[in-house]
$ cat model33.tsv   # TSV, C-alpha atoms
chain	number	residue	atom	x	y	z
A	1	MET	CA	0.00	0.00	0.00
A	2	LYS	CA	2.74	2.43	1.04
A	3	GLN	CA	4.86	1.34	-1.91
A	4	ALA	CA	1.93	1.96	-4.29
A	5	LYS	CA	1.60	5.48	-2.84
A	6	ASN	CA	5.35	6.09	-3.35
A	7	ILE	CA	5.22	4.88	-6.95
A	8	GLY	CA	2.07	6.95	-7.56
A	9	LEU	CA	3.85	10.05	-6.21
A	10	SER	CA	6.87	9.36	-8.43
A	11	LEU	CA	4.61	9.06	-11.47
A	12	LEU	CA	2.76	12.26	-10.56
A	13	GLY	CA	6.09	14.06	-10.19
A	14	PHE	CA	7.28	12.72	-13.53
A	15	ALA	CA	4.01	13.83	-15.18
A	16	LEU	CA	4.42	17.35	-13.75
A	17	ILE	CA	8.00	17.56	-15.03
A	18	ALA	CA	6.88	16.37	-18.48
A	19	ALA	CA	3.98	18.86	-18.51
A	20	GLY	CA	6.32	21.68	-17.50
A	21	ILE	CA	8.87	20.83	-20.20
A	22	ALA	CA	6.11	20.44	-22.79
A	23	LEU	CA	4.76	23.92	-21.90
A	24	ILE	CA	8.25	25.44	-22.14
A	25	LYS	CA	8.74	23.91	-25.59
A	26	ALA	CA	5.21	24.68	-26.83
A	27	LEU	CA	5.11	28.35	-25.79
A	28	PRO	CA	8.02	30.31	-27.30
A	29	ASP	CA	6.59	33.67	-26.14
A	30	PRO	CA	4.51	33.04	-23.00
A	31	GLN	CA	2.47	35.82	-21.39
A	32	GLY	CA	1.22	36.39	-17.85
A	33	ILE	CA	1.15	33.40	-15.53
A	34	LEU	CA	2.40	31.10	-18.31
A	35	ARG	CA	5.81	32.74	-18.00
A	36	SER	CA	6.38	31.12	-14.60
A	37	LEU	CA	3.90	28.20	-14.52
A	38	PRO	CA	6.03	25.73	-16.58
A	39	PHE	CA	9.04	26.28	-14.31
A	40	LEU	CA	6.85	25.90	-11.22
A	41	LEU	CA	5.57	22.60	-12.63
A	42	VAL	CA	9.12	21.37	-13.25
A	43	GLY	CA	10.17	22.48	-9.75
A	44	PHE	CA	7.24	20.85	-7.96
A	45	GLY	CA	7.54	17.80	-10.21
A	46	CYS	CA	11.21	17.33	-9.33
A	47	GLY	CA	10.41	17.62	-5.62
A	48	ILE	CA	7.52	15.14	-5.73
A	49	PHE	CA	9.40	12.74	-8.03
A	50	GLY	CA	12.51	12.77	-5.82
A	51	HIS	CA	10.48	12.33	-2.64
A	52	GLY	CA	8.39	9.46	-4.01
A	53	LEU	CA	11.32	7.65	-5.62
A	54	GLY	CA	13.50	8.11	-2.51
A	55	ASP	CA	10.81	6.65	-0.25
A	56	ALA	CA	10.18	3.77	-2.69
A	57	LEU	CA	13.90	2.88	-2.82
A	58	ALA	CA	14.21	3.15	0.98
A	59	LYS	CA	11.22	0.83	1.44
A	60	LYS	CA	12.69	-1.66	-1.05
A	61	ALA	CA	16.05	-1.61	0.75
A	62	ALA	CA	14.31	-2.05	4.12
A	63	ASP	CA	12.32	-5.04	2.82
A	64	ALA	CA	15.53	-6.64	1.51
A	65	ASP	CA	17.44	-6.15	4.78
A	66	PRO	CA	15.20	-6.23	7.90
A	67	GLU	CA	18.22	-5.86	10.22
A	68	MET	CA	19.23	-2.62	8.53
A	69	ALA	CA	15.60	-1.45	8.69
A	70	ARG	CA	15.50	-2.16	12.43
A	71	ARG	CA	18.72	-0.21	12.99
A	72	LEU	CA	17.39	2.67	10.93
A	73	GLU	CA	14.20	2.71	13.00
A	74	ILE	CA	16.25	2.74	16.23
A	75	ALA	CA	18.34	5.63	14.89
A	76	GLN	CA	15.17	7.56	14.03
A	77	THR	CA	13.39	6.94	17.33
A	78	ASP	CA	16.43	7.02	19.64
A	79	GLU	CA	15.56	9.55	22.35
A	80	ARG	CA	18.97	11.27	22.20
A	81	ASN	CA	18.77	11.60	18.41
A	82	VAL	CA	15.22	12.98	18.67
A	83	MET	CA	16.33	15.49	21.31
A	84	ILE	CA	19.34	16.57	19.24
A	85	GLY	CA	17.10	16.99	16.19
A	86	SER	CA	14.60	19.10	18.15
A	87	LEU	CA	17.33	21.30	19.65
A	88	ALA	CA	18.95	21.80	16.25
A	89	LYS	CA	15.57	22.78	14.77
A	90	ALA	CA	14.97	25.22	17.63
A	91	LYS	CA	18.38	26.82	17.01
A	92	GLY	CA	17.56	27.05	13.31
A	93	TYR	CA	14.21	28.69	14.14
A	94	ASP	CA	15.94	31.31	16.33
A	95	MET	CA	18.40	32.05	13.54
A	96	MET	CA	15.59	32.26	10.99
A	97	THR	CA	13.92	34.95	13.11
A	98	TYR	CA	17.01	37.17	12.85
A	99	VAL	CA	17.69	36.39	9.18
A	100	PHE	CA	14.06	37.04	8.14
A	101	GLY	CA	14.03	40.26	10.15
A	102	ALA	CA	17.26	41.49	8.56
A	103	LEU	CA	16.03	40.51	5.10
A	104	MET	CA	12.77	42.45	5.55
A	105	VAL	CA	14.69	45.56	6.66
A	106	ALA	CA	17.12	45.18	3.74
A	107	PHE	CA	14.25	44.84	1.24
A	108	ALA	CA	12.52	47.87	2.70
A	109	LEU	CA	15.73	49.94	2.48
A	110	MET	CA	16.27	48.81	-1.12
A	111	GLY	CA	12.81	50.12	-1.96
A	112	ALA	CA	11.47	46.69	-2.96
A	113	GLU	CA	7.84	46.47	-4.02
A	114	TRP	CA	5.56	46.71	-0.99
A	115	THR	CA	3.66	43.51	-1.93
A	116	VAL	CA	6.91	41.55	-1.53
A	117	ILE	CA	7.63	43.13	1.85
A	118	ILE	CA	4.06	42.62	3.07
A	119	ALA	CA	4.19	38.95	1.96
A	120	MET	CA	7.41	38.50	3.93
A	121	VAL	CA	5.94	40.18	7.01
A	122	VAL	CA	2.83	37.96	6.80
A	123	ALA	CA	5.02	34.84	6.46
A	124	TYR	CA	7.19	35.99	9.39
A	125	LEU	CA	4.16	36.65	11.60
A	126	PHE	CA	2.53	33.37	10.54
A	127	VAL	CA	5.61	31.35	11.59
A	128	HIS	CA	5.73	33.14	14.96
A	129	GLY	CA	1.97	32.76	15.43
A	130	TYR	CA	2.35	29.04	14.72
A	131	ALA	CA	5.07	28.78	17.37
A	132	ILE	CA	2.89	30.62	19.92
A	133	TYR	CA	-0.08	28.37	19.11
A	134	PHE	CA	1.99	25.24	19.76
A	135	ARG	CA	3.45	26.73	22.92
A	136	VAL	CA	-0.06	27.33	24.33
A	137	LYS	CA	-1.25	23.89	23.14
A	138	LEU	CA	1.72	22.09	24.69
A	139	GLU	CA	1.41	24.11	27.92
A	140	LYS	CA	-2.14	22.75	28.24
A	141	GLU	CA	-1.18	19.19	27.36
A	142	MET	CA	1.91	18.82	29.56
B	143	MET	CA	24.30	13.17	37.29
B	144	LYS	CA	26.80	10.34	37.54
B	145	ASN	CA	26.04	6.73	36.77
B	146	ARG	CA	27.52	3.24	37.06
B	147	LEU	CA	26.46	2.13	33.59
B	148	GLU	CA	29.93	1.45	32.19
B	149	GLU	CA	31.02	-0.40	35.33
B	150	LEU	CA	27.88	-2.57	35.33
B	151	ARG	CA	28.04	-3.24	31.60
B	152	LYS	CA	31.70	-4.28	31.71
B	153	SER	CA	31.21	-6.41	34.82
B	154	ARG	CA	28.63	-8.40	32.88
B	155	GLY	CA	30.69	-8.61	29.72
B	156	VAL	CA	28.12	-6.81	27.61
B	157	ARG	CA	29.22	-4.74	24.62
B	158	GLN	CA	27.78	-1.26	24.02
B	159	GLU	CA	26.10	-2.50	20.84
B	160	GLU	CA	24.40	-5.35	22.69
B	161	LEU	CA	23.14	-3.06	25.44
B	162	ALA	CA	21.92	-0.53	22.88
B	163	ASP	CA	20.09	-3.30	21.01
B	164	ALA	CA	18.44	-4.58	24.17
B	165	LEU	CA	17.29	-1.09	25.16
B	166	GLY	CA	16.23	0.00	21.67
B	167	VAL	CA	18.59	2.98	21.52
B	168	SER	CA	21.66	3.80	19.46
B	169	ARG	CA	25.20	2.84	20.50
B	170	GLN	CA	26.06	6.55	20.62
B	171	THR	CA	23.40	7.05	23.29
B	172	ILE	CA	25.01	4.36	25.45
B	173	GLY	CA	28.41	6.02	24.95
B	174	SER	CA	27.03	9.44	25.89
B	175	LEU	CA	25.29	8.03	28.95
B	176	GLU	CA	28.47	6.30	30.10
B	177	ASN	CA	30.63	9.39	29.95
B	178	GLY	CA	27.95	11.57	31.52
B	179	ARG	CA	27.27	13.81	28.53
B	180	TYR	CA	23.61	12.80	28.36
B	181	ASN	CA	21.02	12.12	31.06
B	182	PRO	CA	18.36	9.56	30.10
B	183	SER	CA	14.61	10.07	30.15
B	184	ILE	CA	12.82	8.43	33.05
B	185	LEU	CA	11.57	5.71	30.67
B	186	LEU	CA	15.08	4.85	29.49
B	187	ALA	CA	16.34	4.94	33.08
B	188	PHE	CA	13.67	2.38	34.01
B	189	LYS	CA	14.61	0.19	31.02
B	190	ILE	CA	18.27	0.30	32.04
B	191	ALA	CA	17.43	-0.52	35.67
B	192	ARG	CA	15.22	-3.40	34.57
B	193	TYR	CA	17.93	-4.72	32.23
B	194	PHE	CA	20.44	-4.92	35.08
B	195	GLY	CA	17.84	-6.08	37.62
B	196	MET	CA	18.48	-3.10	39.86
B	197	THR	CA	16.75	0.10	40.90
B	198	ILE	CA	17.34	3.44	39.19
B	199	GLU	CA	18.99	4.78	42.34
B	200	ASP	CA	21.49	1.90	42.26
B	201	ILE	CA	22.65	2.97	38.80
B	202	PHE	CA	22.19	6.72	38.64
B	203	ILE	CA	23.69	8.90	41.33
B	204	TYR	CA	21.95	12.22	41.81
B	205	GLU	CA	24.20	15.01	43.02
B	206	GLU	CA	22.71	18.16	44.50
B	207	GLU	CA	23.98	21.19	42.59
B	208	SER	CA	26.27	23.36	44.72
B	209	LYS	CA	25.04	26.97	45.13
$ encode --input "model33.tsv" --output "structure tokens"
Amino acid sequence: MKQAKNIGLSLLGFALIAAGIALIKALPDPQGILRSLPFLLVGFGCGIFGHGLGDALAKKAADADPEMARRLEIAQTDERNVMIGSLAKAKGYDMMTYVFGALMVAFALMGAEWTVIIAMVVAYLFVHGYAIYFRVKLEKEM
Amino acid sequence: MKNRLEELRKSRGVRQEELADALGVSRQTIGSLENGRYNPSILLAFKIARYFGMTIEDIFIYEEESK
């Protein structure tokens, strides 16, 4: 079942890449949204294709070598590894706060279009709102 | 927090890999526990105590932090 999903995702990714390339070839002078859509399709397609194929190959390798699969599962669920991963993500989140902030100021000083700056501010506030939501949720749960 | 994990493991002739396998953790976690770089969760502490047939207090030595 999982393998069928992985193969389905790979095929979907491949179809998106093919559609993107076909649009690039078919439209020599694209206008409006068609200027970026083919490249978005190729980008999303590559991501989905790589993800699906990677998972499918990992599942195949795990089926062929159960001992390796067991070790991999231990490595993924090991409490120290999980804690290290969470701490590293938290550090990355703190750094992202500063980098996003600096980037927004830089864009504003460069006189970038206000829609770009507003989009960045909304994304910045969304990420922080998400963190606050989980903080409140976890405070209640623990 | 200090612990007697390495002493107990060696006295029973168990390798780090074997202990890690029995407890369902990585070998690196056992290494970190043994040299005091990592303190286990209460669940892992119970698993370790059960593995050696001892109590948690027999294995892990809590030291009050000096002010």
$ atom_distance --input "model33.tsv" --atom1 "CA of Pro30 (chain A)" --atom2 "CA of Gly111 (chain A)"
28.3 Å
$ residues_around --input "model33.tsv" --residues "region 52-66 of chain A" --least-positions-apart "4" --cutoff "8 Å" --atoms "all atoms listed in the file" --output "list in words"
Gln3, Lys5, Asn6, Ile7, Gly8, Leu9, Ser10, Ile48 and Arg70 of chain A
$ write_last_selection --input "model33.tsv" --atoms "C-alpha atoms" --output "mmCIF file, in the coordinates of the input"
data_model
loop_
_atom_site.group_PDB
_atom_site.id
_atom_site.type_symbol
_atom_site.label_atom_id
_atom_site.label_comp_id
_atom_site.auth_asym_id
_atom_site.auth_seq_id
_atom_site.Cartn_x
_atom_site.Cartn_y
_atom_site.Cartn_z
ATOM 1 C CA GLN A 3 4.860 1.340 -1.910
ATOM 2 C CA LYS A 5 1.600 5.480 -2.840
ATOM 3 C CA ASN A 6 5.350 6.090 -3.350
ATOM 4 C CA ILE A 7 5.220 4.880 -6.950
ATOM 5 C CA GLY A 8 2.070 6.950 -7.560
ATOM 6 C CA LEU A 9 3.850 10.050 -6.210
ATOM 7 C CA SER A 10 6.870 9.360 -8.430
ATOM 8 C CA ILE A 48 7.520 15.140 -5.730
ATOM 9 C CA ARG A 70 15.500 -2.160 12.430
#
$ residues_around --input "model33.tsv" --residues "Phe44 (chain A)" --least-positions-apart "4" --cutoff "12 Å" --atoms "only C-alpha atoms" --output "list in words"
Leu9, Ser10, Leu12, Gly13, Phe14, Ala15, Leu16, Ile17, Ala18, Ala19, Gly20, Leu37, Pro38, Phe39, Leu40, Ile48, Phe49, Gly50 and His51 of chain A
$ closest_atom_pairs --input "model33.tsv" --of "chain B" --to "chain A" --cutoff "7 Å" --atoms "only C-alpha atoms" --output "Markdown table"
| residue | atom | partner | partner_atom | distance |
| --- | --- | --- | --- | --- |
| B:Gly166 | CA | A:Ile74 | CA | 6.1 |
| B:Val167 | CA | A:Asp78 | CA | 5.0 |
| B:Ser168 | CA | A:Ala75 | CA | 5.9 |
| B:Thr171 | CA | A:Arg80 | CA | 6.2 |
$ closest_residue --input "model33.tsv" --among "A:Leu103, A:Asp29, A:Thr97, A:Glu139" --to "Phe126 (chain A)" --atoms "all atoms listed in the file"
A:Thr97
$ build_atoms --input "model33.tsv" --residues "region 72-83 of chain A" --atoms "all heavy atoms" --output "PDB file, keeping the file's coordinate frame"
ATOM      1  N   LEU A  72      17.813   1.348  11.402  1.00  0.00           N
ATOM      2  CA  LEU A  72      17.390   2.670  10.930  1.00  0.00           C
ATOM      3  C   LEU A  72      16.255   3.208  11.801  1.00  0.00           C
ATOM      4  O   LEU A  72      16.236   4.378  12.174  1.00  0.00           O
ATOM      5  CB  LEU A  72      16.947   2.578   9.465  1.00  0.00           C
ATOM      6  CG  LEU A  72      16.739   3.897   8.739  1.00  0.00           C
ATOM      7  CD1 LEU A  72      18.061   4.639   8.606  1.00  0.00           C
ATOM      8  CD2 LEU A  72      16.134   3.668   7.371  1.00  0.00           C
ATOM      9  N   GLU A  73      15.333   2.308  12.162  1.00  0.00           N
ATOM     10  CA  GLU A  73      14.200   2.710  13.000  1.00  0.00           C
ATOM     11  C   GLU A  73      14.698   3.130  14.383  1.00  0.00           C
ATOM     12  O   GLU A  73      14.235   4.123  14.944  1.00  0.00           O
ATOM     13  CB  GLU A  73      13.210   1.554  13.115  1.00  0.00           C
ATOM     14  CG  GLU A  73      11.860   2.039  13.629  1.00  0.00           C
ATOM     15  CD  GLU A  73      10.951   0.919  14.055  1.00  0.00           C
ATOM     16  OE1 GLU A  73      11.124  -0.213  13.566  1.00  0.00           O
ATOM     17  OE2 GLU A  73      10.064   1.197  14.892  1.00  0.00           O
ATOM     18  N   ILE A  74      15.673   2.378  14.922  1.00  0.00           N
ATOM     19  CA  ILE A  74      16.250   2.740  16.230  1.00  0.00           C
ATOM     20  C   ILE A  74      16.897   4.118  16.132  1.00  0.00           C
ATOM     21  O   ILE A  74      16.718   4.971  17.006  1.00  0.00           O
ATOM     22  CB  ILE A  74      17.256   1.671  16.703  1.00  0.00           C
ATOM     23  CG1 ILE A  74      16.493   0.432  17.188  1.00  0.00           C
ATOM     24  CG2 ILE A  74      18.147   2.211  17.816  1.00  0.00           C
ATOM     25  CD1 ILE A  74      17.379  -0.714  17.646  1.00  0.00           C
ATOM     26  N   ALA A  75      17.659   4.336  15.054  1.00  0.00           N
ATOM     27  CA  ALA A  75      18.340   5.630  14.890  1.00  0.00           C
ATOM     28  C   ALA A  75      17.338   6.775  14.803  1.00  0.00           C
ATOM     29  O   ALA A  75      17.589   7.866  15.307  1.00  0.00           O
ATOM     30  CB  ALA A  75      19.222   5.600  13.648  1.00  0.00           C
ATOM     31  N   GLN A  76      16.181   6.502  14.189  1.00  0.00           N
ATOM     32  CA  GLN A  76      15.170   7.560  14.030  1.00  0.00           C
ATOM     33  C   GLN A  76      14.398   7.809  15.320  1.00  0.00           C
ATOM     34  O   GLN A  76      13.962   8.924  15.565  1.00  0.00           O
ATOM     35  CB  GLN A  76      14.200   7.191  12.912  1.00  0.00           C
ATOM     36  CG  GLN A  76      14.794   7.418  11.538  1.00  0.00           C
ATOM     37  CD  GLN A  76      13.957   6.792  10.442  1.00  0.00           C
ATOM     38  OE1 GLN A  76      13.071   5.981  10.693  1.00  0.00           O
ATOM     39  NE2 GLN A  76      14.257   7.142   9.206  1.00  0.00           N
ATOM     40  N   THR A  77      14.210   6.775  16.128  1.00  0.00           N
ATOM     41  CA  THR A  77      13.390   6.940  17.330  1.00  0.00           C
ATOM     42  C   THR A  77      14.226   7.080  18.598  1.00  0.00           C
ATOM     43  O   THR A  77      13.670   7.346  19.657  1.00  0.00           O
ATOM     44  CB  THR A  77      12.422   5.742  17.505  1.00  0.00           C
ATOM     45  OG1 THR A  77      13.200   4.543  17.513  1.00  0.00           O
ATOM     46  CG2 THR A  77      11.412   5.675  16.386  1.00  0.00           C
ATOM     47  N   ASP A  78      15.535   6.910  18.479  1.00  0.00           N
ATOM     48  CA  ASP A  78      16.430   7.020  19.640  1.00  0.00           C
ATOM     49  C   ASP A  78      16.201   8.358  20.334  1.00  0.00           C
ATOM     50  O   ASP A  78      16.241   9.408  19.682  1.00  0.00           O
ATOM     51  CB  ASP A  78      17.868   6.912  19.131  1.00  0.00           C
ATOM     52  CG  ASP A  78      18.868   7.098  20.253  1.00  0.00           C
ATOM     53  OD1 ASP A  78      18.932   6.232  21.124  1.00  0.00           O
ATOM     54  OD2 ASP A  78      19.568   8.136  20.258  1.00  0.00           O
ATOM     55  N   GLU A  79      15.970   8.318  21.659  1.00  0.00           N
ATOM     56  CA  GLU A  79      15.560   9.550  22.350  1.00  0.00           C
ATOM     57  C   GLU A  79      16.623  10.649  22.279  1.00  0.00           C
ATOM     58  O   GLU A  79      16.297  11.832  22.194  1.00  0.00           O
ATOM     59  CB  GLU A  79      15.167   9.267  23.807  1.00  0.00           C
ATOM     60  CG  GLU A  79      16.288   8.762  24.686  1.00  0.00           C
ATOM     61  CD  GLU A  79      15.862   8.692  26.143  1.00  0.00           C
ATOM     62  OE1 GLU A  79      14.763   8.211  26.425  1.00  0.00           O
ATOM     63  OE2 GLU A  79      16.661   9.123  27.003  1.00  0.00           O
ATOM     64  N   ARG A  80      17.908  10.252  22.286  1.00  0.00           N
ATOM     65  CA  ARG A  80      18.970  11.270  22.200  1.00  0.00           C
ATOM     66  C   ARG A  80      18.972  11.906  20.807  1.00  0.00           C
ATOM     67  O   ARG A  80      19.096  13.123  20.679  1.00  0.00           O
ATOM     68  CB  ARG A  80      20.320  10.623  22.520  1.00  0.00           C
ATOM     69  CG  ARG A  80      21.490  11.572  22.445  1.00  0.00           C
ATOM     70  CD  ARG A  80      22.761  10.897  22.937  1.00  0.00           C
ATOM     71  NE  ARG A  80      23.925  11.547  22.397  1.00  0.00           N
ATOM     72  CZ  ARG A  80      24.483  11.266  21.232  1.00  0.00           C
ATOM     73  NH1 ARG A  80      23.965  10.318  20.474  1.00  0.00           N
ATOM     74  NH2 ARG A  80      25.553  11.909  20.818  1.00  0.00           N
ATOM     75  N   ASN A  81      18.814  11.071  19.784  1.00  0.00           N
ATOM     76  CA  ASN A  81      18.770  11.600  18.410  1.00  0.00           C
ATOM     77  C   ASN A  81      17.580  12.549  18.225  1.00  0.00           C
ATOM     78  O   ASN A  81      17.702  13.588  17.584  1.00  0.00           O
ATOM     79  CB  ASN A  81      18.661  10.468  17.393  1.00  0.00           C
ATOM     80  CG  ASN A  81      19.970   9.755  17.196  1.00  0.00           C
ATOM     81  OD1 ASN A  81      21.005  10.237  17.661  1.00  0.00           O
ATOM     82  ND2 ASN A  81      19.942   8.618  16.558  1.00  0.00           N
ATOM     83  N   VAL A  82      16.419  12.149  18.787  1.00  0.00           N
ATOM     84  CA  VAL A  82      15.220  12.980  18.670  1.00  0.00           C
ATOM     85  C   VAL A  82      15.446  14.322  19.371  1.00  0.00           C
ATOM     86  O   VAL A  82      15.110  15.386  18.841  1.00  0.00           O
ATOM     87  CB  VAL A  82      13.988  12.249  19.269  1.00  0.00           C
ATOM     88  CG1 VAL A  82      12.781  13.171  19.353  1.00  0.00           C
ATOM     89  CG2 VAL A  82      13.651  11.025  18.427  1.00  0.00           C
ATOM     90  N   MET A  83      16.071  14.257  20.548  1.00  0.00           N
ATOM     91  CA  MET A  83      16.330  15.490  21.310  1.00  0.00           C
ATOM     92  C   MET A  83      17.311  16.389  20.571  1.00  0.00           C
ATOM     93  O   MET A  83      17.109  17.611  20.488  1.00  0.00           O
ATOM     94  CB  MET A  83      16.899  15.102  22.678  1.00  0.00           C
ATOM     95  CG  MET A  83      17.021  16.243  23.633  1.00  0.00           C
ATOM     96  SD  MET A  83      17.623  15.576  25.184  1.00  0.00           S
ATOM     97  CE  MET A  83      18.439  17.009  25.813  1.00  0.00           C
TER      98      MET A  83
END
